[in-house]
$ cat upload-v5.cif   # mmCIF, C-alpha atoms
data_query
loop_
_atom_site.label_atom_id
_atom_site.label_comp_id
_atom_site.auth_asym_id
_atom_site.auth_seq_id
_atom_site.Cartn_x
_atom_site.Cartn_y
_atom_site.Cartn_z
CA MET A 1 0.00 0.00 0.00
CA CYS A 2 1.50 3.30 -1.14
CA GLU A 3 0.25 6.15 0.96
CA GLN A 4 1.03 9.81 0.45
CA ARG A 5 1.34 11.86 3.60
CA THR A 6 -0.48 15.19 3.75
CA ARG A 7 1.64 18.34 4.06
CA LEU A 8 0.23 20.60 6.77
CA GLY A 9 0.83 24.30 7.33
CA ALA A 10 -0.28 26.14 10.46
CA LEU A 11 -1.07 29.80 11.11
CA VAL A 12 -0.45 30.83 14.72
CA SER A 13 -0.42 33.90 16.93
CA GLY A 14 -0.14 32.54 20.44
CA GLY A 15 0.59 29.48 22.51
CA GLY A 16 -0.33 26.97 19.86
CA SER A 17 -1.82 24.28 22.07
CA ASN A 18 -4.03 23.12 19.19
CA LEU A 19 -0.90 22.89 17.01
CA GLN A 20 0.71 20.82 19.75
CA ALA A 21 -2.28 18.47 19.83
CA VAL A 22 -1.87 17.91 16.10
CA LEU A 23 1.88 17.38 16.47
CA ASP A 24 1.27 14.84 19.23
CA ALA A 25 -1.27 12.99 17.10
CA ILE A 26 1.20 12.88 14.22
CA ALA A 27 3.87 11.49 16.53
CA ALA A 28 1.39 8.89 17.78
CA GLY A 29 0.56 7.86 14.22
CA THR A 30 -3.06 8.96 14.46
CA ILE A 31 -2.68 11.61 11.78
CA HIS A 32 -1.03 10.57 8.52
CA GLY A 33 0.56 13.88 7.69
CA ASP A 34 3.40 16.22 8.60
CA VAL A 35 3.47 19.83 9.65
CA VAL A 36 5.97 21.34 7.23
CA LEU A 37 5.55 25.05 7.97
CA VAL A 38 4.34 27.24 10.83
CA ILE A 39 3.60 30.90 10.05
CA SER A 40 3.11 33.48 12.78
CA ASP A 41 2.12 37.15 12.69
CA ARG A 42 3.99 37.67 15.96
CA PRO A 43 7.72 37.03 16.27
CA HIS A 44 7.46 35.88 19.89
CA ALA A 45 4.49 33.52 19.61
CA TYR A 46 5.23 30.48 21.78
CA ALA A 47 3.86 28.28 19.00
CA LEU A 48 7.02 29.10 17.04
CA GLU A 49 9.10 27.51 19.79
CA ARG A 50 6.94 24.40 19.66
CA ALA A 51 7.51 24.26 15.90
CA ARG A 52 11.28 24.67 16.24
CA ALA A 53 11.37 22.02 18.95
CA ALA A 54 9.71 19.66 16.48
CA GLY A 55 12.17 20.58 13.73
CA ILE A 56 9.54 22.39 11.65
CA ALA A 57 10.29 25.37 9.40
CA THR A 58 8.85 28.66 10.64
CA ALA A 59 8.09 32.02 9.09
CA VAL A 60 7.14 35.31 10.72
CA LEU A 61 5.01 37.57 8.55
CA THR A 62 4.06 40.78 10.34
CA PRO A 63 1.09 42.65 8.85
CA ASP A 64 2.68 46.08 9.22
CA ALA A 65 5.29 45.10 6.64
CA TYR A 66 2.54 45.03 3.98
CA PRO A 67 0.58 47.89 2.41
CA SER A 68 -2.83 46.21 2.77
CA ARG A 69 -4.63 43.22 4.22
CA GLU A 70 -4.89 41.85 0.70
CA ALA A 71 -1.12 42.08 0.20
CA TYR A 72 -0.56 40.43 3.57
CA SER A 73 -2.96 37.64 2.68
CA GLN A 74 -1.21 37.14 -0.66
CA ALA A 75 2.14 36.85 1.12
CA ILE A 76 0.73 34.14 3.40
CA ALA A 77 -0.69 32.25 0.42
CA ASP A 78 2.65 32.49 -1.44
CA CYS A 79 4.53 31.22 1.58
CA LEU A 80 2.15 28.26 2.02
CA GLN A 81 2.22 27.40 -1.67
CA GLN A 82 6.02 27.53 -1.85
CA ALA A 83 6.03 24.87 0.85
CA SER A 84 3.52 22.78 -1.14
CA VAL A 85 1.10 22.76 1.75
CA ASP A 86 -2.01 20.58 1.21
CA LEU A 87 -3.96 21.64 4.28
CA VAL A 88 -3.76 24.90 6.23
CA LEU A 89 -4.69 25.02 9.91
CA TYR A 90 -5.69 28.18 11.69
CA ALA A 91 -4.33 27.40 15.14
CA GLY A 92 -5.05 30.44 17.25
CA PHE A 93 -4.21 32.85 14.41
CA MET A 94 -5.68 36.24 15.34
CA ARG A 95 -5.84 37.81 11.88
CA ILE A 96 -8.68 37.67 9.40
CA VAL A 97 -7.24 37.08 5.96
CA THR A 98 -8.86 38.03 2.65
CA ARG A 99 -9.73 35.94 -0.36
CA GLU A 100 -6.12 36.17 -1.59
CA ALA A 101 -5.25 33.63 1.09
CA ILE A 102 -8.57 31.78 1.20
CA ALA A 103 -9.35 31.10 -2.47
CA PRO A 104 -6.21 29.01 -3.22
CA PHE A 105 -7.01 26.81 -0.20
CA ARG A 106 -10.78 26.48 -0.45
CA GLY A 107 -11.73 23.18 1.14
CA ARG A 108 -8.12 22.88 2.33
CA MET A 109 -8.04 25.47 5.14
CA MET A 110 -9.51 24.75 8.58
CA ASN A 111 -10.32 26.90 11.58
CA ILE A 112 -11.52 26.02 15.05
CA HIS A 113 -14.04 28.20 16.86
CA PRO A 114 -14.73 27.82 20.60
CA ALA A 115 -18.53 27.64 20.36
CA LEU A 116 -21.24 25.60 18.68
CA ILE A 117 -21.60 27.45 15.38
CA PRO A 118 -24.02 29.07 14.44
CA SER A 119 -24.18 30.22 18.07
CA PHE A 120 -21.74 32.90 19.27
CA CYS A 121 -19.76 33.27 16.07
CA GLY A 122 -18.99 35.76 13.34
CA PRO A 123 -17.25 39.13 13.44
CA GLY A 124 -16.42 40.26 16.98
CA PHE A 125 -16.69 36.78 18.50
CA TYR A 126 -13.15 35.74 19.28
CA GLY A 127 -11.20 34.59 22.31
CA ARG A 128 -12.67 35.48 25.68
CA ARG A 129 -15.59 37.34 24.07
CA VAL A 130 -17.10 34.09 22.81
CA HIS A 131 -17.31 32.64 26.30
CA GLU A 132 -18.56 35.89 27.83
CA ALA A 133 -21.37 35.92 25.28
CA ALA A 134 -22.30 32.30 25.99
CA LEU A 135 -22.35 32.85 29.75
CA HIS A 136 -24.29 36.09 29.39
CA TYR A 137 -26.88 34.37 27.19
CA GLY A 138 -27.22 31.62 29.78
CA VAL A 139 -26.72 28.53 27.61
CA LYS A 140 -26.29 25.23 29.44
CA VAL A 141 -24.19 23.66 26.68
CA SER A 142 -21.35 25.07 24.63
CA GLY A 143 -18.50 23.48 22.69
CA CYS A 144 -16.30 23.91 19.68
CA THR A 145 -16.53 23.72 15.92
CA VAL A 146 -13.91 22.83 13.31
CA HIS A 147 -14.90 24.21 9.91
CA PHE A 148 -13.45 24.98 6.53
CA VAL A 149 -12.55 28.64 6.12
CA GLU A 150 -14.63 30.80 3.77
CA GLU A 151 -14.66 34.57 3.33
CA ASP A 152 -17.72 34.65 5.59
CA VAL A 153 -16.13 34.64 9.11
CA ASP A 154 -16.98 31.37 10.93
CA GLY A 155 -19.44 30.60 8.13
CA GLY A 156 -17.70 27.75 6.27
CA PRO A 157 -18.80 24.12 6.13
CA ILE A 158 -18.68 22.37 9.52
CA ILE A 159 -16.43 19.32 9.90
CA VAL A 160 -16.58 18.39 13.59
CA GLN A 161 -18.40 19.73 16.65
CA ARG A 162 -17.93 18.70 20.25
CA THR A 163 -19.93 19.80 23.27
CA VAL A 164 -19.25 20.64 26.92
CA PRO A 165 -21.63 21.44 29.76
CA VAL A 166 -21.72 25.00 31.09
CA LEU A 167 -21.46 24.75 34.87
CA GLU A 168 -23.07 26.88 37.57
CA ASP A 169 -19.94 28.68 38.68
CA ASP A 170 -18.27 29.03 35.28
CA THR A 171 -16.23 32.09 34.41
CA PRO A 172 -15.08 32.82 30.85
CA GLU A 173 -11.75 31.27 31.89
CA THR A 174 -13.09 28.00 33.29
CA LEU A 175 -15.43 27.57 30.34
CA ALA A 176 -12.62 28.35 27.89
CA ALA A 177 -10.38 25.75 29.55
CA ARG A 178 -13.09 23.06 29.40
CA ILE A 179 -13.73 23.80 25.73
CA LEU A 180 -10.00 23.90 24.91
CA GLU A 181 -9.67 20.24 25.95
CA GLN A 182 -12.39 19.39 23.44
CA GLU A 183 -10.80 21.63 20.80
CA HIS A 184 -7.68 19.49 20.87
CA GLN A 185 -9.70 16.34 20.26
CA ALA A 186 -11.95 17.94 17.64
CA TYR A 187 -9.04 19.41 15.68
CA VAL A 188 -7.11 16.16 15.70
CA GLU A 189 -10.21 14.32 14.51
CA ALA A 190 -10.85 16.77 11.66
CA VAL A 191 -7.23 16.71 10.50
CA ARG A 192 -7.12 12.92 10.80
CA LEU A 193 -10.19 12.58 8.56
CA PHE A 194 -8.80 15.05 6.01
CA CYS A 195 -5.45 13.26 5.83
CA ALA A 196 -7.25 9.94 5.41
CA GLY A 197 -9.18 11.38 2.44
CA ARG A 198 -12.46 10.97 4.27
CA LEU A 199 -13.89 14.50 3.98
CA ARG A 200 -16.03 15.53 1.02
CA VAL A 201 -17.53 19.01 0.84
CA GLU A 202 -20.93 19.23 -0.85
CA GLY A 203 -22.11 22.81 -0.79
CA ARG A 204 -22.46 23.72 2.88
CA LEU A 205 -22.22 20.11 4.00
CA VAL A 206 -19.15 18.11 4.92
CA ARG A 207 -19.70 14.42 4.31
CA ILE A 208 -17.57 12.04 6.34
CA LEU A 209 -16.80 9.05 4.17
CA PRO A 210 -16.47 5.56 5.60
CA GLU A 211 -13.05 4.22 6.43
CA ARG A 212 -11.38 2.59 3.46
CA PRO A 213 -10.54 -1.06 3.94
CA VAL A 214 -6.84 -1.69 4.59
CA GLY A 215 -4.88 -2.58 1.48
CA VAL A 216 -7.31 -1.11 -1.04
CA MET B 1 -41.51 16.83 56.33
CA CYS B 2 -44.47 18.65 54.84
CA GLU B 3 -44.13 19.00 51.10
CA GLN B 4 -46.48 20.86 48.79
CA ARG B 5 -46.96 19.36 45.37
CA THR B 6 -46.75 21.66 42.38
CA ARG B 7 -49.89 22.09 40.25
CA LEU B 8 -49.04 21.75 36.57
CA GLY B 9 -51.01 22.88 33.53
CA ALA B 10 -50.12 21.90 29.97
CA LEU B 11 -50.85 23.54 26.62
CA VAL B 12 -51.05 21.04 23.77
CA SER B 13 -51.90 20.86 20.08
CA GLY B 14 -50.81 17.40 19.02
CA GLY B 15 -49.72 14.01 20.24
CA GLY B 16 -48.42 15.19 23.58
CA SER B 17 -45.48 12.82 23.95
CA ASN B 18 -43.69 15.38 26.12
CA LEU B 19 -46.80 15.57 28.30
CA GLN B 20 -46.75 11.79 28.54
CA ALA B 21 -43.11 11.84 29.63
CA VAL B 22 -44.04 14.23 32.44
CA LEU B 23 -47.03 12.09 33.43
CA ASP B 24 -44.80 9.01 33.52
CA ALA B 25 -42.24 10.81 35.68
CA ILE B 26 -45.00 11.88 38.07
CA ALA B 27 -46.24 8.30 38.28
CA ALA B 28 -42.67 7.14 38.96
CA GLY B 29 -42.28 9.67 41.75
CA THR B 30 -39.53 11.59 39.97
CA ILE B 31 -41.57 14.77 39.69
CA HIS B 32 -43.28 16.01 42.84
CA GLY B 33 -46.28 17.59 41.18
CA ASP B 34 -49.55 16.85 39.46
CA VAL B 35 -50.93 17.81 36.09
CA VAL B 36 -54.30 19.33 36.97
CA LEU B 37 -55.34 20.77 33.59
CA VAL B 38 -54.58 20.19 29.92
CA ILE B 39 -55.65 22.89 27.46
CA SER B 40 -55.73 22.31 23.72
CA ASP B 41 -56.43 24.61 20.79
CA ARG B 42 -57.59 21.58 18.79
CA PRO B 43 -60.54 19.44 19.88
CA HIS B 44 -59.04 16.25 18.48
CA ALA B 45 -55.49 16.54 19.80
CA TYR B 46 -54.38 13.09 20.94
CA ALA B 47 -52.83 14.71 24.01
CA LEU B 48 -56.39 15.25 25.28
CA GLU B 49 -56.93 11.49 25.26
CA ARG B 50 -53.74 10.99 27.23
CA ALA B 51 -55.03 13.52 29.76
CA ARG B 52 -58.42 11.87 30.07
CA ALA B 53 -56.79 8.46 30.44
CA ALA B 54 -54.85 9.88 33.38
CA GLY B 55 -57.99 11.39 34.90
CA ILE B 56 -56.92 14.97 34.24
CA ALA B 57 -59.32 17.83 33.50
CA THR B 58 -59.18 19.12 29.94
CA ALA B 59 -60.28 22.28 28.17
CA VAL B 60 -60.48 23.07 24.47
CA LEU B 61 -60.05 26.73 23.63
CA THR B 62 -60.19 27.34 19.88
CA PRO B 63 -58.70 30.66 18.73
CA ASP B 64 -61.47 31.39 16.25
CA ALA B 65 -63.89 31.74 19.15
CA TYR B 66 -62.04 34.91 20.25
CA PRO B 67 -61.88 38.33 18.60
CA SER B 68 -58.09 38.70 18.93
CA ARG B 69 -54.91 36.89 19.91
CA GLU B 70 -54.89 39.00 23.06
CA ALA B 71 -58.39 37.90 24.01
CA TYR B 72 -57.45 34.27 23.32
CA SER B 73 -54.35 34.60 25.47
CA GLN B 74 -56.40 36.14 28.25
CA ALA B 75 -58.83 33.23 28.11
CA ILE B 76 -55.95 30.78 28.46
CA ALA B 77 -54.55 32.70 31.43
CA ASP B 78 -57.97 32.81 33.10
CA CYS B 79 -58.43 29.10 32.62
CA LEU B 80 -55.00 28.30 34.09
CA GLN B 81 -55.49 30.66 37.02
CA GLN B 82 -58.92 29.25 37.84
CA ALA B 83 -57.21 25.87 38.20
CA SER B 84 -54.57 27.43 40.49
CA VAL B 85 -51.80 26.25 38.20
CA ASP B 86 -48.28 26.91 39.52
CA LEU B 87 -46.33 25.93 36.39
CA VAL B 88 -47.49 25.96 32.76
CA LEU B 89 -45.91 23.63 30.21
CA TYR B 90 -45.98 24.25 26.51
CA ALA B 91 -46.10 20.68 25.27
CA GLY B 92 -46.29 20.88 21.52
CA PHE B 93 -48.64 23.87 21.61
CA MET B 94 -48.60 25.45 18.15
CA ARG B 95 -49.88 28.92 19.06
CA ILE B 96 -47.87 31.95 20.06
CA VAL B 97 -49.63 33.65 22.94
CA THR B 98 -49.33 37.32 23.89
CA ARG B 99 -48.32 38.95 27.15
CA GLU B 100 -51.87 38.48 28.51
CA ALA B 101 -50.97 34.80 28.98
CA ILE B 102 -47.24 35.22 29.60
CA ALA B 103 -47.06 38.00 32.19
CA PRO B 104 -49.11 36.21 34.91
CA PHE B 105 -46.82 33.17 34.58
CA ARG B 106 -43.43 34.81 34.16
CA GLY B 107 -40.82 32.37 35.47
CA ARG B 108 -43.63 29.77 35.75
CA MET B 109 -44.19 28.90 32.07
CA MET B 110 -41.84 26.55 30.20
CA ASN B 111 -41.40 25.68 26.55
CA ILE B 112 -39.20 23.12 24.83
CA HIS B 113 -37.52 23.89 21.52
CA PRO B 114 -35.96 21.15 19.35
CA ALA B 115 -32.59 22.88 18.82
CA LEU B 116 -29.71 24.27 20.83
CA ILE B 117 -30.90 27.85 21.34
CA PRO B 118 -29.68 30.40 20.18
CA SER B 119 -29.23 28.27 17.04
CA PHE B 120 -32.25 27.64 14.79
CA CYS B 121 -34.85 29.41 16.92
CA GLY B 122 -37.16 32.40 16.85
CA PRO B 123 -40.11 33.22 14.60
CA GLY B 124 -40.54 30.72 11.76
CA PHE B 125 -38.49 27.98 13.43
CA TYR B 126 -41.01 25.37 14.52
CA GLY B 127 -41.58 21.69 13.91
CA ARG B 128 -39.92 20.20 10.87
CA ARG B 129 -38.49 23.57 9.80
CA VAL B 130 -36.07 23.57 12.73
CA HIS B 131 -34.51 20.29 11.64
CA GLU B 132 -34.47 21.26 7.98
CA ALA B 133 -32.55 24.40 8.91
CA ALA B 134 -30.04 22.47 11.02
CA LEU B 135 -29.43 19.91 8.27
CA HIS B 136 -29.18 22.61 5.62
CA TYR B 137 -26.64 24.51 7.72
CA GLY B 138 -24.61 21.35 8.16
CA VAL B 139 -24.21 21.27 11.94
CA LYS B 140 -22.78 18.08 13.42
CA VAL B 141 -24.56 18.50 16.76
CA SER B 142 -28.10 19.55 17.55
CA GLY B 143 -30.35 19.03 20.55
CA CYS B 144 -33.12 20.60 22.56
CA THR B 145 -33.65 23.47 24.96
CA VAL B 146 -36.13 23.90 27.80
CA HIS B 147 -36.59 27.57 28.63
CA PHE B 148 -38.92 29.90 30.42
CA VAL B 149 -41.35 31.63 28.09
CA GLU B 150 -40.95 35.35 27.46
CA GLU B 151 -42.63 37.59 24.86
CA ASP B 152 -39.49 37.18 22.74
CA VAL B 153 -40.12 33.85 20.93
CA ASP B 154 -37.60 31.19 22.11
CA GLY B 155 -35.71 34.00 23.87
CA GLY B 156 -36.42 33.29 27.55
CA PRO B 157 -33.93 32.05 30.17
CA ILE B 158 -32.58 28.57 29.45
CA ILE B 159 -33.17 25.83 32.03
CA VAL B 160 -31.84 22.61 30.44
CA GLN B 161 -30.15 21.73 27.15
CA ARG B 162 -29.36 18.28 25.83
CA THR B 163 -27.42 17.38 22.69
CA VAL B 164 -27.58 14.73 19.97
CA PRO B 165 -25.21 13.98 17.10
CA VAL B 166 -26.35 14.75 13.56
CA LEU B 167 -25.66 11.65 11.48
CA GLU B 168 -24.58 11.34 7.86
CA ASP B 169 -27.85 10.06 6.49
CA ASP B 170 -30.20 12.10 8.67
CA THR B 171 -33.48 13.40 7.33
CA PRO B 172 -35.58 15.98 9.19
CA GLU B 173 -37.62 13.01 10.46
CA THR B 174 -34.75 10.91 11.81
CA LEU B 175 -33.14 13.93 13.43
CA ALA B 176 -36.47 14.98 14.96
CA ALA B 177 -36.98 11.49 16.39
CA ARG B 178 -33.49 11.43 17.94
CA ILE B 179 -34.03 14.85 19.48
CA LEU B 180 -37.53 13.94 20.72
CA GLU B 181 -36.04 11.22 22.94
CA GLN B 182 -33.83 13.85 24.54
CA GLU B 183 -36.74 16.28 24.80
CA HIS B 184 -38.57 13.87 27.06
CA GLN B 185 -35.58 13.64 29.39
CA ALA B 186 -34.86 17.35 29.28
CA TYR B 187 -38.45 18.34 30.00
CA VAL B 188 -38.77 15.90 32.88
CA GLU B 189 -35.51 17.21 34.33
CA ALA B 190 -36.60 20.86 34.07
CA VAL B 191 -40.02 20.16 35.62
CA ARG B 192 -38.44 18.02 38.33
CA LEU B 193 -36.07 20.86 39.28
CA PHE B 194 -38.90 23.43 39.29
CA CYS B 195 -41.12 21.26 41.48
CA ALA B 196 -38.22 20.71 43.88
CA GLY B 197 -37.78 24.49 44.19
CA ARG B 198 -34.31 24.30 42.66
CA LEU B 199 -34.62 26.86 39.84
CA ARG B 200 -33.80 30.52 40.42
CA VAL B 201 -34.03 33.01 37.56
CA GLU B 202 -31.49 35.84 37.72
CA GLY B 203 -31.98 38.07 34.70
CA ARG B 204 -31.25 35.89 31.69
CA LEU B 205 -29.70 33.13 33.79
CA VAL B 206 -31.35 30.16 35.41
CA ARG B 207 -29.42 29.03 38.47
CA ILE B 208 -29.84 25.41 39.48
CA LEU B 209 -29.74 25.29 43.26
CA PRO B 210 -28.20 22.34 45.10
CA GLU B 211 -30.47 19.61 46.35
CA ARG B 212 -31.87 20.35 49.77
CA PRO B 213 -30.91 17.84 52.43
CA VAL B 214 -33.72 15.44 53.33
CA GLY B 215 -35.76 16.55 56.34
CA VAL B 216 -34.75 20.23 56.22
#
$ encode --input "upload-v5.cif" --output "C-alpha cells"
Amino acid sequence: MCEQRTRLGALVSGGGSNLQAVLDAIAAGTIHGDVVLVISDRPHAYALERARAAGIATAVLTPDAYPSREAYSQAIADCLQQASVDLVLYAGFMRIVTREAIAPFRGRMMNIHPALIPSFCGPGFYGRRVHEAALHYGVKVSGCTVHFVEEDVDGGPIIVQRTVPVLEDDTPETLAARILEQEHQAYVEAVRLFCAGRLRVEGRLVRILPERPVGV
Amino acid sequence: MCEQRTRLGALVSGGGSNLQAVLDAIAAGTIHGDVVLVISDRPHAYALERARAAGIATAVLTPDAYPSREAYSQAIADCLQQASVDLVLYAGFMRIVTREAIAPFRGRMMNIHPALIPSFCGPGFYGRRVHEAALHYGVKVSGCTVHFVEEDVDGGPIIVQRTVPVLEDDTPETLAARILEQEHQAYVEAVRLFCAGRLRVEGRLVRILPERPVGV
C-alpha cells in the first residue's frame, strides 16, 4: 500500500496548544501527515518555539510590513504554496485574511471556533468574548466547531463539533479551559479525517466518508 | 416533612409525547407535582386522550372563538389561574400567545424547543423547519432546549439543554426522532427541578440550586 502523507501548514499567533495536539497525534501515528511550515504574525508567539522544537520550518510575517490586508494575505498564500502545503490550519491565528489567502485553499483550510456554530460566532466573537457571550446568554451547553474557512467569518462548512456542559460557577476562563480540551480532540479528529481522504464538501455540508478497507 | 406538590397545567396541540413523559415521571415519583389541567387549541389533539386516560381535567379553547390573539391569550390565562396552576408547560402547543398569557406566569411557564438555542430558533423555526434548517446549515450537533417563556419567541432564560449527534444520512424526520427522545428527558428534568424548588431566575440566567438535604 503506497500512501502519500499530507503536508500541513499552520497559522499561529499565540501558545499553539491546538498545534501541539496535532503534532502529538502525528507522533502517535493517528494523523497521517506532517506539519511542514508554521507561520506566525507575531515574532514571539510560543507556537514558534513548539515548531522549532519539532524541527519544523517557521516564518514570521508581520502585517505592518505590507501595504494592505490583501497584500498580507497574498504573502501568506505564497509562503504556504512555496512549501507545497495541502492543508492549512488556523491554530489560534488572530488575523482575518482576505480571499487572496482563502481562495487558493478552499476546502483545504480549517479553523476552530470555541462555540457551537451558528451560536456565538462571526465578526467580533473571538477569544474570551465568545465565552462571555455564551455565559451572558445563559446557555447550558457550549462546545467547539472545526470548519473549513470561507470569506464569511466562521461561516464555512462544519467538519466536527464537540460539546461541553456550562457549569453553575463558570467564568469565561473555566469555560474556555473546558472547551479547549475538546478543541484538541476535535481538531485532531478533523485533520485525521482530512489526511485519510475521508472529507467531502458538498455545498455547505461536509460528508464524512467511511473508512477505506486496509490494502485497497 | 411537609411538602407541597406543584400544580401543573399543559398547553397542547398534538400528540403530547412530552406531556406523557411528564405524566410518567410523576407516576414514577420523579416529579413532585400533578398535572391538573390540559388545554388544547384543537378538539381532536391526541394529548387530550392521554389527559383523560390519566384522569386529568381538559379544556379546548379554539382561537377562532375569540376576537383577537390578546383575548385568546387572556382566556388561556384565566383558565389556568382558575385551576390554580403553579407551572405551565408548553407541550407541543402550536400557538404563540401574547403577554396576557405570559405576564401572569413569568418564570412559571416553560417551553421546549428542538434545537440548541440560540441556534435555529425564533419566529418561523417550529416543527420540521427547525430540523431542515439544522441539516441545511450542516451542523454536526443539535439538541433541545427547555426555557422559560418570554414575549421574545424562544428568547427566555434557558433551564436545560441536551445534545444529539447529527448523522450522515439524517433526514428531518430521523433527526427529529433522535431529538424527541432527549426532549422527554430534558423536559422531565426541568419540571423536576422546578417542582423541587431548585430553579432561580437571575436576569437571563437560570441558576440550578443544590439539592436540599432530606428533612430540612
$ residues_around --input "upload-v5.cif" --residues "His44 of chain B" --least-positions-apart "3" --cutoff "10 Å" --atoms "all atoms listed in the file" --output "MDAnalysis selection string"
chainID B and resid 13:15 40:41 47:49 60
$ write_last_selection --input "upload-v5.cif" --atoms "C-alpha atoms" --output "compact mmCIF listing (two decimals), in the frame of the given file"
# COMPACT_ATOMS: atom_id res chain seq x y z
CA SER B 13 -51.90 20.86 20.08
CA GLY B 14 -50.81 17.40 19.02
CA GLY B 15 -49.72 14.01 20.24
CA SER B 40 -55.73 22.31 23.72
CA ASP B 41 -56.43 24.61 20.79
CA ALA B 47 -52.83 14.71 24.01
CA LEU B 48 -56.39 15.25 25.28
CA GLU B 49 -56.93 11.49 25.26
CA VAL B 60 -60.48 23.07 24.47
$ resolve_selection --input "upload-v5.cif" --expression "the PyMOL selection byres ((chain A) within 12 of (chain B))" --output "ChimeraX atom specification"
/A:115-121,133-148,155-170,186,199-210
$ resolve_selection --input "upload-v5.cif" --expression "the PyMOL selection byres ((chain B and resi 35) around 7)" --output "list in words"
Arg7, Leu8, Gly9, Gly33, Asp34, Val36, Leu37 and Ile56 of chain B
$ atom_distance --input "upload-v5.cif" --atom1 "atom CA of Val22 of chain A" --atom2 "atom CA of Arg129 of chain A"
25.1 Å
$ residues_around --input "upload-v5.cif" --residues "Ala101 of chain A" --least-positions-apart "4" --cutoff "9 Å" --atoms "only C-alpha atoms" --output "ChimeraX atom specification"
/A:70,72-78,97,105
$ atom_distance --input "upload-v5.cif" --atom1 "atom CA of Ile96 of chain A" --atom2 "atom CA of Ala176 of chain A"
21.1 Å
$ atom_distance --input "upload-v5.cif" --atom1 "atom CA of Gly122 of chain A" --atom2 "atom CA of Asn18 of chain A"
20.4 Å
$ closest_residue --input "upload-v5.cif" --among "B:His131, B:Arg198, B:Arg52, B:Arg212" --to "Gln20 of chain B" --atoms "all atoms listed in the file"
B:Arg52
$ resolve_selection --input "upload-v5.cif" --expression "the PyMOL selection byres ((chain A and resi 187-189) around 9)" --output "NGL selection string"
:A and (18-19 or 21-22 or 25 or 30-31 or 110-112 or 145-146 or 160 or 182-186 or 190-194)
$ closest_residue --input "upload-v5.cif" --among "B:Ala196, B:Ala54, B:Met94, B:Gly127" --to "Ala177 of chain B" --atoms "all atoms listed in the file"
B:Gly127
$ closest_residue --input "upload-v5.cif" --among "A:Ile179, A:Ala59, A:Leu11, A:Val130" --to "Phe93 of chain A" --atoms "only C-alpha atoms"
A:Leu11
